Amino acid sequence: MLARQTLSTAPAWRLPNSRARPASAWMPGVSRAPRPGEDRSAAVDQKGPTMEPVTTRGVRRTFEDHLRELQENVLRMGAAVEEMVARAVDALRHGDVAAGEKMEQLDNVVDRYNIEIENECLHLLALQQPMARDLRTIAATMKIIGDIERVGDYCVDVAKTAAKLAERPLFKPLVDIPRMGQLVQQ
């Protein structure tokens, strides 16, 4: 049975049921905590630190894979919005009434991309703590997806407007709008 010791005389690592860990658990190269009155060098292993140097290659590679996946998702989101722009211009040119429902479905896809990419950006910011160029990449990605999502919302509005305009004849042929749509896609 362990003898009862007072808190003032016993070190924390010797108390029963103590949660304190020996110094070797949190300090590389230290085999034990120095005893009172003992020189710190006596507690240090003579062979040096026991931990291997931390390599960041594996962590960095994973982070770069996440960044690459993030950029690919942004490109997919942009491709979906590009398709929306083409369909919106076609709906406006041809008076397609059913294009509004198709646009709503595509807009839901773009909204899901927006949420997924934004969550991934926040995840990378919180867990990886990127520096300099990577931080700027993530910040720019968050701004870009907001803009892309807004263009998708505008496409939905154009398709709804096209449905309203299909009921009445146009007083002027649509020449400039298809040209603007082509410029956007370039």
# chains A, B, ... in the order shown; residues from 1 in each chain; ligands from 1
>>> residues_around(residues="A:Leu125", least_positions_apart="6", cutoff="10 Å", atoms="only C-alpha atoms", output="tab-separated table (two decimals) with N, CA, C and O atoms, in the first residue's frame")
chain	number	residue	atom	x	y	z
A	119	ASN	N	-16.63	25.02	-46.99
A	119	ASN	CA	-16.32	24.20	-45.81
A	119	ASN	C	-14.90	23.65	-45.88
A	119	ASN	O	-14.19	23.59	-44.87
A	131	MET	N	0.33	29.33	-44.65
A	131	MET	CA	1.12	30.56	-44.61
A	131	MET	C	1.23	31.13	-46.02
A	131	MET	O	1.15	30.42	-46.99
A	134	ASP	N	-0.20	29.98	-49.77
A	134	ASP	CA	-1.33	29.07	-49.59
A	134	ASP	C	-2.50	29.78	-48.93
A	134	ASP	O	-3.66	29.53	-49.28
A	135	LEU	N	-2.22	30.67	-48.01
A	135	LEU	CA	-3.29	31.44	-47.36
A	135	LEU	C	-3.97	32.34	-48.38
A	135	LEU	O	-5.21	32.45	-48.40
A	138	ILE	N	-6.25	30.21	-50.62
A	138	ILE	CA	-7.51	29.83	-49.97
A	138	ILE	C	-8.44	31.04	-49.88
A	138	ILE	O	-9.64	30.94	-50.14
A	139	ALA	N	-7.90	32.20	-49.52
A	139	ALA	CA	-8.72	33.41	-49.44
A	139	ALA	C	-9.29	33.78	-50.81
A	139	ALA	O	-10.46	34.13	-50.93
>>> residues_around(residues="A:Lys160", least_positions_apart="3", cutoff="12 Å", atoms="only C-alpha atoms", output="ChimeraX atom specification")
/A:87-89,91-92,95-104,153-157,163-167
>>> residues_around(residues="A:Leu75", least_positions_apart="3", cutoff="12 Å", atoms="only C-alpha atoms", output="ChimeraX atom specification")
/A:68-72,78-82,110,113-114,117,141,144-145,148
>>> write_last_selection(atoms="all heavy atoms", output="short mmCIF file (atom, residue, chain, number, x, y, z; two decimals), in the first residue's frame")
data_model
loop_
_atom_site.label_atom_id
_atom_site.label_comp_id
_atom_site.auth_asym_id
_atom_site.auth_seq_id
_atom_site.Cartn_x
_atom_site.Cartn_y
_atom_site.Cartn_z
N ARG A 68 -5.11 21.05 -54.29
CA ARG A 68 -5.35 20.64 -55.68
C ARG A 68 -6.81 20.22 -55.86
O ARG A 68 -7.47 20.60 -56.83
CB ARG A 68 -4.41 19.50 -56.06
CG ARG A 68 -4.32 19.25 -57.55
CD ARG A 68 -3.25 18.23 -57.92
NE ARG A 68 -1.95 18.58 -57.37
CZ ARG A 68 -1.31 17.90 -56.41
NH1 ARG A 68 -1.83 16.82 -55.89
NH2 ARG A 68 -0.12 18.28 -55.97
N GLU A 69 -7.33 19.45 -54.90
CA GLU A 69 -8.73 19.02 -54.96
C GLU A 69 -9.66 20.24 -54.87
O GLU A 69 -10.69 20.29 -55.56
CB GLU A 69 -9.02 18.05 -53.81
CG GLU A 69 -10.44 17.54 -53.78
CD GLU A 69 -10.67 16.62 -52.60
OE1 GLU A 69 -9.70 16.09 -52.04
OE2 GLU A 69 -11.85 16.45 -52.24
N LEU A 70 -9.28 21.19 -54.04
CA LEU A 70 -10.06 22.41 -53.91
C LEU A 70 -10.13 23.17 -55.24
O LEU A 70 -11.20 23.60 -55.68
CB LEU A 70 -9.43 23.28 -52.83
CG LEU A 70 -10.19 24.45 -52.28
CD1 LEU A 70 -11.37 23.96 -51.48
CD2 LEU A 70 -9.27 25.28 -51.40
N GLN A 71 -8.99 23.29 -55.91
CA GLN A 71 -8.94 23.98 -57.19
C GLN A 71 -9.73 23.23 -58.26
O GLN A 71 -10.40 23.85 -59.10
CB GLN A 71 -7.49 24.18 -57.62
CG GLN A 71 -6.78 25.19 -56.74
CD GLN A 71 -5.28 25.22 -56.98
OE1 GLN A 71 -4.73 24.37 -57.67
NE2 GLN A 71 -4.61 26.20 -56.39
N GLU A 72 -9.69 21.90 -58.22
CA GLU A 72 -10.46 21.12 -59.18
C GLU A 72 -11.96 21.31 -58.96
O GLU A 72 -12.74 21.40 -59.92
CB GLU A 72 -10.09 19.64 -59.08
CG GLU A 72 -8.71 19.33 -59.62
CD GLU A 72 -8.27 17.90 -59.33
OE1 GLU A 72 -9.05 17.13 -58.72
OE2 GLU A 72 -7.13 17.56 -59.70
N GLY A 78 -17.14 26.20 -61.81
CA GLY A 78 -17.11 27.15 -62.92
C GLY A 78 -17.66 26.56 -64.21
O GLY A 78 -18.36 27.25 -64.96
N ALA A 79 -17.38 25.28 -64.45
CA ALA A 79 -17.92 24.63 -65.65
C ALA A 79 -19.43 24.52 -65.58
O ALA A 79 -20.13 24.71 -66.59
CB ALA A 79 -17.29 23.24 -65.81
N ALA A 80 -19.97 24.23 -64.38
CA ALA A 80 -21.42 24.16 -64.22
C ALA A 80 -22.06 25.52 -64.48
O ALA A 80 -23.10 25.62 -65.15
CB ALA A 80 -21.77 23.65 -62.82
N VAL A 81 -21.42 26.59 -63.99
CA VAL A 81 -21.97 27.93 -64.22
C VAL A 81 -21.82 28.33 -65.68
O VAL A 81 -22.69 29.00 -66.24
CB VAL A 81 -21.31 28.95 -63.26
CG1 VAL A 81 -21.67 30.37 -63.64
CG2 VAL A 81 -21.71 28.67 -61.84
N GLU A 82 -20.74 27.91 -66.31
CA GLU A 82 -20.58 28.19 -67.74
C GLU A 82 -21.71 27.55 -68.54
O GLU A 82 -22.26 28.17 -69.47
CB GLU A 82 -19.22 27.68 -68.22
CG GLU A 82 -18.91 28.00 -69.65
CD GLU A 82 -17.54 27.50 -70.08
OE1 GLU A 82 -16.81 26.92 -69.24
OE2 GLU A 82 -17.21 27.68 -71.27
N VAL A 110 -24.66 24.08 -58.13
CA VAL A 110 -23.67 25.13 -57.88
C VAL A 110 -23.67 25.54 -56.41
O VAL A 110 -22.62 25.75 -55.81
CB VAL A 110 -23.93 26.34 -58.81
CG1 VAL A 110 -23.08 27.54 -58.42
CG2 VAL A 110 -23.66 25.96 -60.25
N TYR A 113 -21.78 22.95 -54.49
CA TYR A 113 -20.35 23.18 -54.69
C TYR A 113 -19.87 24.32 -53.80
O TYR A 113 -18.81 24.23 -53.17
CB TYR A 113 -20.03 23.51 -56.15
CG TYR A 113 -19.71 22.32 -57.03
CD1 TYR A 113 -20.45 22.08 -58.18
CD2 TYR A 113 -18.68 21.46 -56.73
CE1 TYR A 113 -20.16 21.01 -59.00
CE2 TYR A 113 -18.37 20.39 -57.54
CZ TYR A 113 -19.13 20.16 -58.67
OH TYR A 113 -18.83 19.11 -59.48
N ASN A 114 -20.63 25.40 -53.76
CA ASN A 114 -20.25 26.56 -52.97
C ASN A 114 -20.09 26.18 -51.50
O ASN A 114 -19.08 26.52 -50.87
CB ASN A 114 -21.30 27.66 -53.13
CG ASN A 114 -20.91 28.95 -52.46
OD1 ASN A 114 -19.74 29.26 -52.31
ND2 ASN A 114 -21.90 29.70 -52.03
N ILE A 117 -17.04 23.67 -51.05
CA ILE A 117 -15.73 24.32 -51.20
C ILE A 117 -15.46 25.27 -50.04
O ILE A 117 -14.34 25.31 -49.50
CB ILE A 117 -15.65 25.05 -52.55
CG1 ILE A 117 -15.67 24.03 -53.70
CG2 ILE A 117 -14.40 25.92 -52.64
CD1 ILE A 117 -15.86 24.65 -55.07
N THR A 141 -9.82 31.72 -53.26
CA THR A 141 -10.80 30.69 -53.60
C THR A 141 -12.15 31.01 -52.99
O THR A 141 -13.19 30.88 -53.65
CB THR A 141 -10.31 29.31 -53.11
OG1 THR A 141 -9.08 29.00 -53.76
CG2 THR A 141 -11.33 28.22 -53.41
N ILE A 144 -13.67 33.80 -55.02
CA ILE A 144 -14.03 33.34 -56.36
C ILE A 144 -15.32 32.54 -56.34
O ILE A 144 -16.20 32.75 -57.18
CB ILE A 144 -12.87 32.51 -56.98
CG1 ILE A 144 -11.70 33.43 -57.33
CG2 ILE A 144 -13.34 31.73 -58.20
CD1 ILE A 144 -10.42 32.70 -57.66
N ILE A 145 -15.46 31.64 -55.37
CA ILE A 145 -16.68 30.81 -55.35
C ILE A 145 -17.91 31.66 -55.07
O ILE A 145 -19.00 31.35 -55.57
CB ILE A 145 -16.58 29.62 -54.38
CG1 ILE A 145 -16.41 30.09 -52.94
CG2 ILE A 145 -15.48 28.66 -54.81
CD1 ILE A 145 -16.52 28.99 -51.90
N ILE A 148 -18.70 33.18 -58.48
CA ILE A 148 -19.24 32.17 -59.40
C ILE A 148 -20.67 31.83 -59.02
O ILE A 148 -21.55 31.70 -59.88
CB ILE A 148 -18.34 30.91 -59.40
CG1 ILE A 148 -16.99 31.21 -60.03
CG2 ILE A 148 -19.01 29.76 -60.14
CD1 ILE A 148 -16.00 30.07 -59.93
#
>>> atom_distance(atom1="atom CA of A:Ala140", atom2="atom CA of A:Asp65")
17.5 Å
>>> closest_residue(among="A:Val158, A:Arg93, A:Asn73, A:Gly181", to="A:Glu120", atoms="only C-alpha atoms")
A:Asn73
>>> atom_distance(atom1="atom CA of A:His123", atom2="atom CA of A:Gln105")
27.1 Å
>>> residues_around(residues="A:Arg179", least_positions_apart="3", cutoff="12 Å", atoms="only C-alpha atoms", output="ChimeraX atom specification")
/A:85-86,89-90,93,174-176,182-186
